[in-house]
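Have a look at coords_38.cif; it's mmCIF, C-alpha atoms and all ligand atoms:
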data_target
#
loop_
_atom_site.label_atom_id
_atom_site.label_comp_id
_atom_site.auth_asym_id
_atom_site.auth_seq_id
_atom_site.Cartn_x
_atom_site.Cartn_y
_atom_site.Cartn_z
CA MET A 1 5.15 -15.69 15.07
CA ASN A 2 3.98 -18.17 12.48
CA PHE A 3 1.56 -17.40 9.67
CA TYR A 4 -1.35 -19.47 8.40
CA SER A 5 -3.23 -19.48 5.14
CA THR A 6 -6.83 -18.27 5.32
CA ASN A 7 -7.71 -21.35 3.25
CA SER A 8 -6.01 -23.89 5.55
CA PRO A 9 -5.91 -22.47 9.09
CA THR A 10 -4.15 -25.53 10.51
CA VAL A 11 -1.08 -25.22 8.28
CA GLU A 12 1.48 -22.76 9.65
CA VAL A 13 4.69 -21.44 8.11
CA PRO A 14 7.43 -19.23 9.55
CA PHE A 15 7.58 -15.56 8.54
CA LYS A 16 10.43 -16.15 6.07
CA GLU A 17 8.40 -18.66 4.11
CA ALA A 18 5.29 -16.47 4.14
CA VAL A 19 7.35 -13.59 2.72
CA PHE A 20 9.03 -15.54 -0.08
CA ASN A 21 5.88 -17.46 -1.03
CA SER A 22 3.82 -14.26 -1.04
CA LEU A 23 0.72 -16.31 -1.86
CA PRO A 24 0.12 -19.72 -0.22
CA GLN A 25 -0.22 -22.70 -2.60
CA ASP A 26 -3.90 -22.97 -1.72
CA ARG A 27 -4.50 -19.36 -2.92
CA GLY A 28 -5.46 -18.13 0.54
CA LEU A 29 -3.65 -15.23 2.20
CA TYR A 30 -1.17 -15.37 5.05
CA MET A 31 -2.25 -14.06 8.45
CA PRO A 32 -0.46 -14.08 11.82
CA VAL A 33 -1.59 -17.03 13.96
CA SER A 34 -2.38 -14.62 16.75
CA ILE A 35 -2.75 -10.85 16.98
CA PRO A 36 -1.43 -9.86 20.41
CA GLN A 37 -2.52 -6.64 22.11
CA LEU A 38 0.15 -4.00 22.46
CA ASP A 39 0.84 -2.87 26.00
CA ALA A 40 -1.87 -0.39 27.10
CA GLY A 41 0.75 1.85 28.71
CA PHE A 42 2.53 2.10 25.36
CA ILE A 43 -0.66 3.11 23.54
CA GLU A 44 -1.54 5.76 26.13
CA ASN A 45 1.94 7.23 25.84
CA LEU A 46 2.31 7.02 22.07
CA ASP A 47 2.83 10.78 21.93
CA LYS A 48 6.24 10.30 23.54
CA TYR A 49 7.55 8.08 20.74
CA SER A 50 8.92 8.80 17.27
CA LEU A 51 7.72 7.07 14.11
CA SER A 52 10.69 4.68 14.09
CA GLU A 53 10.28 3.86 17.79
CA ILE A 54 6.59 3.16 17.25
CA ALA A 55 7.35 1.07 14.17
CA PHE A 56 9.86 -1.00 16.13
CA GLU A 57 7.44 -1.69 19.01
CA VAL A 58 4.66 -2.72 16.65
CA ALA A 59 6.89 -4.88 14.43
CA LYS A 60 8.46 -6.55 17.46
CA THR A 61 5.05 -7.66 18.65
CA LEU A 62 4.56 -9.71 15.49
CA LEU A 63 8.11 -10.51 14.38
CA SER A 64 10.44 -10.68 17.40
CA ASP A 65 10.98 -14.44 17.01
CA SER A 66 11.49 -14.18 13.23
CA VAL A 67 13.95 -11.29 12.95
CA ALA A 68 16.64 -10.47 15.55
CA GLU A 69 15.67 -7.27 17.38
CA ASP A 70 18.77 -5.27 16.40
CA ASP A 71 18.30 -6.28 12.78
CA LEU A 72 14.61 -5.40 12.90
CA LYS A 73 15.48 -1.96 14.24
CA ALA A 74 18.07 -1.44 11.49
CA ILE A 75 15.61 -2.59 8.80
CA ILE A 76 12.97 -0.16 10.06
CA ASN A 77 15.37 2.77 10.27
CA ASP A 78 16.59 2.11 6.75
CA ALA A 79 13.14 1.47 5.25
CA ILE A 80 11.08 4.16 6.98
CA ASN A 81 13.47 7.09 6.53
CA PHE A 82 10.79 9.67 5.77
CA GLU A 83 7.97 11.28 7.73
CA ALA A 84 4.20 10.69 7.77
CA PRO A 85 2.88 13.99 9.12
CA VAL A 86 -0.70 14.68 10.16
CA VAL A 87 -1.65 18.16 8.92
CA LYS A 88 -4.65 20.05 10.30
CA LEU A 89 -6.88 21.56 7.61
CA GLU A 90 -9.78 22.65 9.81
CA GLU A 91 -11.31 21.70 13.16
CA ASP A 92 -11.39 17.88 13.32
CA VAL A 93 -10.28 17.48 9.70
CA TYR A 94 -6.71 16.29 9.33
CA VAL A 95 -4.79 14.85 6.40
CA LEU A 96 -2.27 12.06 7.00
CA GLU A 97 0.37 12.65 4.31
CA LEU A 98 1.76 9.30 3.21
CA PHE A 99 3.55 10.57 0.10
CA HIS A 100 6.91 11.66 1.49
CA GLY A 101 8.75 8.47 0.49
CA PRO A 102 10.80 8.06 -2.69
CA SER A 103 7.92 6.99 -4.98
CA LEU A 104 5.58 9.64 -3.51
CA ALA A 105 2.89 7.11 -2.50
CA PHE A 106 2.03 5.17 0.67
CA LYS A 107 3.17 1.96 -1.02
CA ASP A 108 6.74 2.99 -0.10
CA PHE A 109 6.08 1.82 3.48
CA GLY A 110 5.26 -1.70 2.37
CA ALA A 111 7.67 -2.03 -0.53
CA ARG A 112 10.73 -0.69 1.33
CA PHE A 113 10.12 -2.83 4.41
CA MET A 114 9.47 -5.96 2.33
CA SER A 115 12.58 -5.50 0.18
CA ARG A 116 14.82 -5.23 3.24
CA ILE A 117 13.13 -8.19 4.95
CA MET A 118 13.70 -10.29 1.83
CA SER A 119 17.33 -9.21 1.65
CA TYR A 120 17.77 -10.05 5.36
CA PHE A 121 16.49 -13.57 4.83
CA LEU A 122 18.72 -14.16 1.78
CA ARG A 123 21.82 -15.80 3.17
CA ASP A 124 25.28 -15.17 1.73
CA GLY A 125 25.87 -17.23 -1.37
CA GLU A 126 22.17 -17.81 -2.02
CA GLN A 127 20.87 -17.51 -5.54
CA LEU A 128 19.92 -14.02 -6.73
CA LEU A 129 16.28 -13.22 -6.00
CA ASP A 130 14.36 -12.21 -9.13
CA VAL A 131 11.32 -10.08 -8.35
CA LEU A 132 8.74 -9.87 -11.14
CA VAL A 133 6.10 -7.19 -10.85
CA ALA A 134 3.27 -5.97 -13.06
CA THR A 135 2.13 -2.44 -12.38
CA SER A 136 -0.54 0.00 -13.41
CA GLY A 137 1.59 2.78 -11.95
CA ASP A 138 2.14 3.21 -8.23
CA THR A 139 3.13 -0.31 -7.20
CA GLY A 140 5.98 -0.53 -9.70
CA GLY A 141 7.54 2.74 -8.58
CA ALA A 142 7.42 1.78 -4.91
CA VAL A 143 8.85 -1.68 -5.60
CA ALA A 144 11.57 -0.35 -7.94
CA LEU A 145 12.70 2.33 -5.52
CA GLY A 146 12.25 -0.07 -2.58
CA PHE A 147 14.62 -2.66 -4.05
CA LEU A 148 17.02 -0.21 -5.70
CA GLY A 149 20.53 -1.19 -4.64
CA VAL A 150 19.30 -3.93 -2.24
CA PRO A 151 21.98 -6.66 -2.47
CA ASN A 152 21.26 -10.02 -4.09
CA THR A 153 17.96 -8.87 -5.60
CA ARG A 154 16.89 -7.88 -9.09
CA VAL A 155 13.55 -6.41 -10.12
CA THR A 156 11.82 -6.67 -13.49
CA ILE A 157 8.84 -4.36 -13.89
CA LEU A 158 6.21 -4.71 -16.60
CA PHE A 159 4.02 -1.72 -17.31
CA PRO A 160 1.40 -1.04 -20.00
CA LYS A 161 2.61 1.28 -22.75
CA GLY A 162 1.07 4.74 -22.62
CA LYS A 163 -1.06 3.98 -19.55
CA VAL A 164 1.12 5.34 -16.73
CA SER A 165 1.73 9.03 -16.03
CA PRO A 166 5.07 10.65 -17.02
CA ILE A 167 6.37 10.75 -13.43
CA GLN A 168 5.32 7.16 -12.83
CA GLU A 169 7.13 6.12 -16.02
CA GLN A 170 10.29 7.95 -14.94
CA GLN A 171 10.17 6.20 -11.56
CA LEU A 172 10.09 2.88 -13.39
CA THR A 173 12.67 3.52 -16.09
CA THR A 174 15.44 5.78 -14.73
CA ASN A 175 16.80 3.62 -11.90
CA GLY A 176 19.41 1.41 -13.55
CA LYS A 177 21.40 -0.81 -11.13
CA ASN A 178 19.30 -3.87 -10.22
CA ILE A 179 16.03 -2.53 -11.69
CA ARG A 180 14.82 -3.37 -15.22
CA ALA A 181 11.74 -1.93 -16.88
CA ILE A 182 9.70 -3.43 -19.70
CA GLU A 183 7.04 -1.51 -21.57
CA VAL A 184 4.39 -3.92 -22.79
CA ASP A 185 2.25 -3.14 -25.82
CA GLY A 186 -0.95 -4.06 -24.02
CA THR A 187 -2.99 -3.48 -20.89
CA PHE A 188 -2.19 -3.87 -17.20
CA ASP A 189 -4.05 -7.19 -17.29
CA ASP A 190 -1.68 -8.36 -20.06
CA CYS A 191 1.29 -7.43 -17.87
CA GLN A 192 -0.19 -9.32 -14.95
CA ALA A 193 -0.89 -12.36 -17.12
CA LEU A 194 2.75 -12.43 -18.32
CA VAL A 195 4.03 -12.37 -14.74
CA LYS A 196 1.58 -15.05 -13.65
CA GLN A 197 2.57 -17.32 -16.50
CA ALA A 198 6.26 -16.87 -15.70
CA PHE A 199 5.61 -18.22 -12.18
CA THR A 200 4.15 -21.40 -13.61
CA ASP A 201 6.83 -21.90 -16.30
CA ALA A 202 9.06 -24.86 -15.37
CA GLU A 203 12.07 -23.73 -17.37
CA LEU A 204 12.07 -20.21 -15.91
CA ASN A 205 11.64 -21.54 -12.39
CA LYS A 206 14.57 -23.89 -12.86
CA LYS A 207 16.85 -21.11 -13.99
CA PHE A 208 15.69 -18.27 -11.72
CA ARG A 209 14.58 -17.83 -8.14
CA LEU A 210 11.37 -15.96 -8.86
CA THR A 211 9.23 -14.07 -6.38
CA SER A 212 6.42 -11.60 -6.68
CA ALA A 213 6.12 -8.32 -4.88
CA ASN A 214 2.40 -7.80 -5.04
CA SER A 215 0.34 -6.10 -2.44
CA ILE A 216 -0.85 -9.26 -0.76
CA ASN A 217 2.60 -10.03 0.65
CA ILE A 218 2.35 -10.05 4.44
CA ALA A 219 5.62 -8.09 4.64
CA ARG A 220 3.86 -5.19 2.95
CA LEU A 221 0.85 -5.25 5.24
CA ILE A 222 2.67 -5.11 8.59
CA PRO A 223 4.63 -1.86 8.01
CA GLN A 224 1.41 -0.14 6.91
CA THR A 225 0.16 -0.41 10.49
CA PHE A 226 3.01 1.87 11.64
CA TYR A 227 1.56 5.09 10.30
CA TYR A 228 -1.83 4.53 11.92
CA PHE A 229 -0.17 4.35 15.35
CA ASN A 230 2.03 7.31 14.47
CA ALA A 231 -0.97 9.36 13.34
CA TYR A 232 -2.64 8.66 16.68
CA ALA A 233 0.55 9.77 18.43
CA GLN A 234 0.38 13.09 16.60
CA LEU A 235 -3.29 13.55 17.52
CA LEU A 236 -2.52 12.85 21.18
CA ARG A 237 -0.02 15.71 21.04
CA GLN A 238 -2.91 17.94 19.93
CA GLY A 239 -5.07 16.75 22.81
CA LYS A 240 -7.24 14.44 20.68
CA THR A 241 -7.99 10.94 21.95
CA GLU A 242 -10.71 9.80 19.53
CA VAL A 243 -10.08 9.28 15.86
CA THR A 244 -11.89 8.33 12.67
CA PHE A 245 -9.70 7.18 9.77
CA CYS A 246 -10.94 7.57 6.21
CA VAL A 247 -9.00 5.45 3.73
CA PRO A 248 -9.06 5.60 -0.09
CA SER A 249 -9.35 1.93 -0.97
CA GLY A 250 -8.70 -0.31 -3.96
CA ASN A 251 -7.20 -3.66 -3.01
CA PHE A 252 -7.96 -2.91 0.65
CA GLY A 253 -4.41 -3.44 1.87
CA ASN A 254 -4.18 0.03 3.38
CA ILE A 255 -7.40 -0.14 5.37
CA GLY A 256 -6.63 -3.79 6.15
CA ALA A 257 -3.48 -2.59 7.89
CA GLY A 258 -5.55 -0.02 9.79
CA LEU A 259 -7.87 -2.76 11.00
CA LEU A 260 -4.85 -4.85 12.00
CA ALA A 261 -3.61 -1.85 14.01
CA TRP A 262 -7.02 -1.70 15.67
CA LYS A 263 -6.78 -5.42 16.50
CA LEU A 264 -3.35 -4.76 17.99
CA GLY A 265 -4.97 -2.28 20.36
CA LEU A 266 -5.07 1.09 18.59
CA PRO A 267 -8.24 2.89 19.72
CA VAL A 268 -10.10 3.89 16.56
CA LYS A 269 -13.71 5.02 16.71
CA GLN A 270 -14.59 4.57 13.07
CA PHE A 271 -13.05 3.53 9.77
CA ILE A 272 -14.44 4.72 6.45
CA ALA A 273 -13.55 2.79 3.30
CA ALA A 274 -13.83 5.26 0.44
CA THR A 275 -13.89 3.93 -3.11
CA ASN A 276 -14.54 5.14 -6.63
CA ALA A 277 -17.16 3.48 -8.85
CA ASN A 278 -15.55 0.12 -8.03
CA ASP A 279 -17.83 -0.31 -5.04
CA THR A 280 -17.74 -4.04 -4.27
CA VAL A 281 -16.94 -3.48 -0.59
CA PRO A 282 -19.23 -0.50 0.10
CA ALA A 283 -22.02 -2.52 -1.53
CA PHE A 284 -21.24 -5.45 0.75
CA LEU A 285 -21.15 -3.28 3.87
CA ASN A 286 -24.50 -1.77 2.93
CA THR A 287 -26.32 -4.86 1.65
CA GLY A 288 -24.45 -7.85 3.10
CA VAL A 289 -23.88 -9.33 -0.36
CA TYR A 290 -20.26 -9.68 -1.49
CA GLU A 291 -20.28 -9.64 -5.26
CA PRO A 292 -16.97 -9.13 -7.09
CA LYS A 293 -17.31 -7.41 -10.47
CA PRO A 294 -15.02 -6.57 -13.39
CA SER A 295 -13.16 -3.35 -12.62
CA VAL A 296 -14.20 -0.12 -14.30
CA GLN A 297 -11.77 2.62 -15.27
CA THR A 298 -11.87 5.86 -13.25
CA LEU A 299 -9.78 8.97 -12.59
CA SER A 300 -8.51 7.40 -9.35
CA ASN A 301 -7.05 4.47 -11.24
CA ALA A 302 -4.97 3.00 -8.40
CA MET A 303 -8.32 2.03 -6.89
CA ASP A 304 -9.83 0.45 -10.01
CA VAL A 305 -10.28 -2.96 -8.43
CA GLY A 306 -13.47 -4.98 -8.74
CA ASN A 307 -12.40 -7.89 -6.53
CA PRO A 308 -10.13 -6.50 -3.79
CA SER A 309 -7.46 -9.07 -3.00
CA ASN A 310 -7.01 -8.09 0.65
CA TRP A 311 -10.69 -8.34 1.50
CA VAL A 312 -10.18 -11.95 2.60
CA ARG A 313 -7.86 -10.74 5.36
CA ILE A 314 -10.43 -8.30 6.68
CA ALA A 315 -13.16 -10.93 6.59
CA GLU A 316 -10.79 -13.23 8.47
CA MET A 317 -10.12 -10.68 11.22
CA PHE A 318 -13.87 -10.34 11.81
CA LYS A 319 -14.73 -13.98 11.26
CA GLY A 320 -18.09 -14.70 12.75
CA ASP A 321 -18.76 -11.09 13.66
CA THR A 322 -19.90 -9.30 10.55
CA ALA A 323 -21.99 -7.03 12.75
CA GLU A 324 -18.87 -5.71 14.46
CA LEU A 325 -17.18 -5.19 11.09
CA LYS A 326 -20.17 -3.30 9.74
CA GLN A 327 -20.25 -1.08 12.78
CA LEU A 328 -16.52 -0.30 12.69
CA VAL A 329 -16.20 0.17 8.94
CA GLN A 330 -18.46 2.30 6.77
CA GLY A 331 -18.21 2.06 3.00
CA VAL A 332 -18.91 4.80 0.48
CA SER A 333 -18.30 5.20 -3.23
CA TYR A 334 -18.05 8.30 -5.43
CA THR A 335 -18.12 9.07 -9.13
CA ASP A 336 -15.43 10.77 -11.20
CA ALA A 337 -17.51 13.95 -11.30
CA GLN A 338 -17.63 13.98 -7.49
CA THR A 339 -13.88 13.36 -7.40
CA ILE A 340 -13.18 16.44 -9.51
CA GLU A 341 -15.61 18.46 -7.45
CA ALA A 342 -13.82 17.37 -4.27
CA ILE A 343 -10.40 18.31 -5.71
CA ASN A 344 -11.80 21.78 -6.43
CA GLN A 345 -13.41 22.12 -3.00
CA VAL A 346 -10.26 21.08 -1.13
CA TYR A 347 -8.24 23.57 -3.15
CA SER A 348 -10.64 26.46 -2.65
CA GLN A 349 -11.26 25.74 1.05
CA TYR A 350 -7.70 25.07 2.22
CA ASN A 351 -5.46 26.02 -0.69
CA TYR A 352 -4.29 22.41 -0.62
CA VAL A 353 -3.98 20.04 -3.60
CA VAL A 354 -5.05 16.42 -3.23
CA CYS A 355 -4.61 13.55 -5.69
CA PRO A 356 -7.88 12.01 -6.98
CA HIS A 357 -7.70 9.06 -4.55
CA THR A 358 -7.17 11.37 -1.62
CA ALA A 359 -10.00 13.65 -2.80
CA ILE A 360 -12.43 10.75 -2.48
CA ALA A 361 -11.33 10.14 1.11
CA TRP A 362 -11.76 13.81 2.01
CA LYS A 363 -15.28 13.83 0.59
CA ALA A 364 -16.16 10.63 2.42
CA LEU A 365 -14.94 12.11 5.69
CA LYS A 366 -16.85 15.37 5.24
CA ASP A 367 -20.04 13.51 4.31
CA TYR A 368 -19.64 11.25 7.34
CA GLN A 369 -19.13 14.20 9.66
CA ALA A 370 -22.16 16.00 8.20
CA GLY A 371 -24.26 12.89 8.81
CA HIS A 372 -22.95 12.33 12.37
CA PRO A 373 -22.92 15.73 14.10
CA ASP A 374 -22.58 14.07 17.52
CA ASP A 375 -19.36 12.28 16.60
CA LYS A 376 -16.64 14.54 17.97
CA SER A 377 -13.72 12.33 16.96
CA ALA A 378 -10.85 13.84 15.01
CA GLY A 379 -11.30 12.92 11.36
CA VAL A 380 -8.15 11.86 9.53
CA PHE A 381 -8.19 11.15 5.80
CA LEU A 382 -5.21 9.41 4.27
CA ALA A 383 -3.34 11.11 1.41
CA THR A 384 -2.11 8.05 -0.47
CA ALA A 385 -0.10 9.76 -3.21
CA HIS A 386 1.35 13.11 -4.22
CA ALA A 387 -0.82 15.03 -6.68
CA CYS A 388 2.07 15.41 -9.15
CA LYS A 389 1.77 11.71 -10.05
CA PHE A 390 -1.66 12.28 -11.64
CA PRO A 391 -1.27 15.54 -13.58
CA ASP A 392 -4.00 14.90 -16.15
CA VAL A 393 -6.97 15.15 -13.82
CA PHE A 394 -6.48 18.71 -12.58
CA PRO A 395 -7.96 21.94 -13.92
CA ASP A 396 -5.16 24.31 -15.06
CA GLU A 397 -5.25 26.58 -12.02
CA ILE A 398 -4.87 23.72 -9.55
CA HIS A 399 -2.31 21.96 -11.73
CA ALA A 400 -0.19 25.10 -11.59
CA ALA A 401 -0.36 25.09 -7.79
CA ILE A 402 1.17 21.60 -7.43
CA VAL A 403 4.62 21.86 -5.88
CA VAL A 404 6.75 19.20 -7.54
CA PRO A 405 9.25 17.69 -5.05
CA GLU A 406 13.00 18.12 -5.65
CA SER A 407 13.44 14.35 -6.04
CA VAL A 408 11.25 14.43 -9.14
CA LYS A 409 13.32 17.18 -10.72
CA GLU A 410 16.50 15.15 -10.14
CA MET A 411 14.90 12.09 -11.69
CA GLN A 412 13.81 14.07 -14.74
CA GLY A 413 17.46 14.70 -15.58
CA LYS A 414 18.17 10.98 -15.90
CA LEU A 415 18.04 8.98 -19.10
CA PRO A 416 15.30 6.33 -19.21
CA VAL A 417 16.30 2.76 -20.02
CA VAL A 418 13.40 0.57 -21.08
CA SER A 419 12.84 -2.57 -23.11
CA THR A 420 9.73 -2.85 -25.23
CA MET A 421 7.79 -5.94 -26.16
CA GLY A 422 4.43 -7.29 -27.23
CA ASN A 423 2.04 -9.05 -24.91
CA ASP A 424 2.94 -12.63 -25.89
CA PHE A 425 4.55 -14.88 -23.32
CA ASP A 426 7.17 -16.36 -25.68
CA GLY A 427 8.67 -12.94 -26.24
CA PHE A 428 8.81 -12.23 -22.50
CA LYS A 429 10.37 -15.60 -21.73
CA TRP A 430 12.94 -15.19 -24.47
CA TRP A 431 13.85 -11.77 -23.05
CA LEU A 432 14.29 -13.16 -19.53
CA MET A 433 16.54 -15.98 -20.80
CA GLU A 434 18.60 -13.64 -22.99
CA ASN A 435 19.06 -11.14 -20.18
CA ALA A 436 19.87 -13.62 -17.45
C1 LIG B 501 -2.56 1.60 -4.23
C2 LIG B 501 -3.24 2.91 -4.03
C3 LIG B 501 -4.50 3.00 -3.40
C4 LIG B 501 -5.27 1.79 -2.96
O1 LIG B 501 -4.70 1.17 -1.83
P1 LIG B 501 -5.15 -0.29 -1.41
O2 LIG B 501 -4.23 -0.69 -0.32
O3 LIG B 501 -4.99 -1.14 -2.63
O4 LIG B 501 -6.57 -0.21 -0.96
C5 LIG B 501 -5.05 4.25 -3.17
N1 LIG B 501 -4.41 5.37 -3.58
C6 LIG B 501 -3.21 5.31 -4.20
C7 LIG B 501 -2.59 6.58 -4.65
C8 LIG B 501 -2.58 4.09 -4.45
O5 LIG B 501 -1.39 4.06 -5.07
#

What would the structure in this file look like if it were written as structure tokens?
Amino acid sequence: MNFYSTNSPTVEVPFKEAVFNSLPQDRGLYMPVSIPQLDAGFIENLDKYSLSEIAFEVAKTLLSDSVAEDDLKAIINDAINFEAPVVKLEEDVYVLELFHGPSLAFKDFGARFMSRIMSYFLRDGEQLLDVLVATSGDTGGAVALGFLGVPNTRVTILFPKGKVSPIQEQQLTTNGKNIRAIEVDGTFDDCQALVKQAFTDAELNKKFRLTSANSINIARLIPQTFYYFNAYAQLLRQGKTEVTFCVPSGNFGNIGAGLLAWKLGLPVKQFIAATNANDTVPAFLNTGVYEPKPSVQTLSNAMDVGNPSNWVRIAEMFKGDTAELKQLVQGVSYTDAQTIEAINQVYSQYNYVVCPHTAIAWKALKDYQAGHPDDKSAGVFLATAHACKFPDVFPDEIHAAIVVPESVKEMQGKLPVVSTMGNDFDGFKWWLMENA
């Protein structure tokens, strides 16, 4: 399968090039030139397959001519080595837990698959691949742990000083090996600006083979379709054939993957895009006007995005049929006060702790179900991260109920290694040259 840029549909590149470029020169986004339908017999019998078998079938449909099948299978088994269970909370309300990977967020699916795909395409003797990534928290952890120990790669993570949670910071700074962490005295935007400038710096590009690992890489989108199919498989086992997915959304990569799964043939009745106050997409779905805005800070900060970078992909999939898109996808937005209220309600109703992003999705699902009593589909809201990554938002009683995974306790015993710098590019460049 070749991939085209949404800005120049006639120019196609092979998968390898789409992965290493990340972003096409023309600033569009890569999309597969065609989206084939999976075999109907496979979909009907999804309940008979495991997550890794499902992942292989789906990936093969898009990538069989780009990655040898045995290698693809090995990459999937190595990358997706954790579960994505669907847990029933009440009749027709299920949570899809996507936080069982090493960084405790759904971004592990994309980051781990992408890192192994990049490593696969790096031939013996090729120059070391230098991955630069700016993070506000979750992306950096997933990318660091995704690339940890992957041969012929090195990751440099920039994060804003004092603006990530303690567990997030440990995930960035305690890895060692091929992972380096830099604490920048500045904001996330400063970190992003430093990375962007590095990509345009002639001297750095001459010396290093630089690549970015941001969420618009097509190799991060594809593996995120796997858990939608696998969630459906689990519902089939419970006798459910109709499903509504409710997705906490920021850059719209996660729900974009869900819509790609739908295009590939997954029967989904309804998608709900749930956002915080950064409501660019819900506003568009309700009014028809797409108006990007500066992001505003909220408690669900992994979704503080005013101009979602993956939206272009979704628009592309529904090109010329906005009516279909509006019917399939509902958009809703909630305030911080509603987020806290939802965290409390989920805890008191099910004795279950959700992170602030997940809380918004639960509320959106419940409000949708209340407004559509005739819709008997199983409602699944996506739990995008483990609550322990966002300790500051919880009232004491709920905070105390969070069960911190063993992996976090192990990490807490390790010594952090971190470089610190200001937000000026000269300092960053000097550091990269000195630490070549
Ligand atoms: C990244 C992230 C999101 C937003 O996902 P998008 O794919 O950017 O829409 C939601 N919740 C958590 C916990 C995240 O880390």

From the options A:Ala401, A:Leu415, A:Met303, A:Met421, which residue's atoms come nearest to ligand LIG 501 (chain B), counting only C-alpha atoms and all ligand atoms?
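Of A:Ala401, A:Leu415, A:Met303, A:Met421, the one nearest ligand LIG 501 (chain B) is A:Met303, counting only C-alpha atoms and all ligand atoms.
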
Which protein, DNA or RNA residues have an atom within 7 Å of ligand LIG 501 (chain B), counting all atoms listed in the file, as a ChimeraX atom specification?
/A:105-107,138-139,248-255,302-303,357-358,384-385

Take the residues that were just selected and, keeping C-alpha atoms, output them as a compact mmCIF listing (two decimals), keeping the file's coordinate frame.
# COMPACT_ATOMS: atom_id res chain seq x y z
CA ALA A 105 2.89 7.11 -2.50
CA PHE A 106 2.03 5.17 0.67
CA LYS A 107 3.17 1.96 -1.02
CA ASP A 138 2.14 3.21 -8.23
CA THR A 139 3.13 -0.31 -7.20
CA PRO A 248 -9.06 5.60 -0.09
CA SER A 249 -9.35 1.93 -0.97
CA GLY A 250 -8.70 -0.31 -3.96
CA ASN A 251 -7.20 -3.66 -3.01
CA PHE A 252 -7.96 -2.91 0.65
CA GLY A 253 -4.41 -3.44 1.87
CA ASN A 254 -4.18 0.03 3.38
CA ILE A 255 -7.40 -0.14 5.37
CA ALA A 302 -4.97 3.00 -8.40
CA MET A 303 -8.32 2.03 -6.89
CA HIS A 357 -7.70 9.06 -4.55
CA THR A 358 -7.17 11.37 -1.62
CA THR A 384 -2.11 8.05 -0.47
CA ALA A 385 -0.10 9.76 -3.21

Tell me, counting only C-alpha atoms, for each residue of stretch 179-284 of chain A within 8 Å of stretch 312-319 of chain A, which pair of atoms is nearest and how far apart they are in Å to one decimal, in rows ordered by chain and increasing number, as a tab-separated table.
residue	atom	partner	partner_atom	distance
A:Gly256	CA	A:Ile314	CA	5.9
A:Leu259	CA	A:Ile314	CA	7.5
A:Leu260	CA	A:Met317	CA	7.9

File dump, residues just selected, C-alpha atoms, as a JSON list (two decimals), in the frame of the given file:
[["chain", "number", "residue", "atom", "x", "y", "z"],
["A", 256, "GLY", "CA", -6.63, -3.79, 6.15],
["A", 259, "LEU", "CA", -7.87, -2.76, 11.00],
["A", 260, "LEU", "CA", -4.85, -4.85, 12.00]]

For a test of reading the model, state the distance in Å between atom CA of A:Gly137 and atom CA of A:Ala59, rounded to one decimal.
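Going from atom CA of A:Gly137 over to atom CA of A:Ala59, I get 28.0 Å.
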
All residues 8 Å or closer to A:Gln171, only C-alpha atoms, same chain fewer than 2 positions away omitted, as a list in words:
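Close residues of A:Gln171: Ser103, Gly141, Ala144, Leu145, Ile167, Gln168, Glu169, Thr173, Thr174, Asn175 and Met411 of chain A.
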
What would the file look like if the residues just selected were written as a short mmCIF file (atom, residue, chain, number, x, y, z; two decimals), keeping the file's coordinate frame with C-alpha atoms?
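Contents of selection-v6.cif, as written:
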data_model
loop_
_atom_site.label_atom_id
_atom_site.label_comp_id
_atom_site.auth_asym_id
_atom_site.auth_seq_id
_atom_site.Cartn_x
_atom_site.Cartn_y
_atom_site.Cartn_z
CA SER A 103 7.92 6.99 -4.98
CA GLY A 141 7.54 2.74 -8.58
CA ALA A 144 11.57 -0.35 -7.94
CA LEU A 145 12.70 2.33 -5.52
CA ILE A 167 6.37 10.75 -13.43
CA GLN A 168 5.32 7.16 -12.83
CA GLU A 169 7.13 6.12 -16.02
CA THR A 173 12.67 3.52 -16.09
CA THR A 174 15.44 5.78 -14.73
CA ASN A 175 16.80 3.62 -11.90
CA MET A 411 14.90 12.09 -11.69
#

Using only C-alpha atoms, determine which residues lie at most 7 Å from stretch 42-58 of chain A, disregarding the query and same-chain residues fewer than 3 positions distant; provide the list as a VMD selection string.
chain A and resid 39 61 73 76 to 77 226 230 233 to 234 236 to 237 266

Store the residues of this selection in a file with C-alpha atoms, as a compact mmCIF listing (two decimals), in the coordinates of the input.
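As written to disk, selection_17.txt reads:
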# COMPACT_ATOMS: atom_id res chain seq x y z
CA ASP A 39 0.84 -2.87 26.00
CA THR A 61 5.05 -7.66 18.65
CA LYS A 73 15.48 -1.96 14.24
CA ILE A 76 12.97 -0.16 10.06
CA ASN A 77 15.37 2.77 10.27
CA PHE A 226 3.01 1.87 11.64
CA ASN A 230 2.03 7.31 14.47
CA ALA A 233 0.55 9.77 18.43
CA GLN A 234 0.38 13.09 16.60
CA LEU A 236 -2.52 12.85 21.18
CA ARG A 237 -0.02 15.71 21.04
CA LEU A 266 -5.07 1.09 18.59

For a quick check of understanding, using all atoms listed in the file, which of A:Ser119, A:Asn2, A:Thr200, A:Asn217 has the smallest distance to A:Ser64?
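With all atoms listed in the file as the atom set, the closest residue is A:Asn2.
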
Gap from atom CA of A:Ile157 to atom CA of A:Leu382 - Å, one decimal:
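Interatomic distance, atom CA of A:Ile157 to atom CA of A:Leu382: 26.8 Å.
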
Calculate how many Å separate atom CA of A:Ala219 from atom CA of A:Glu97, rounding to one decimal.
21.4 Å

If we count all atoms listed in the file and set the cut-off at 10 Å, which residues sit around A:Gln369, ignoring sequence neighbours fewer than 4 positions away in its own chain? Please answer as JSON, numbers by chain.
{"A": [92, 93, 244, 363, 364, 365, 373, 374, 375, 376, 377, 378, 379]}
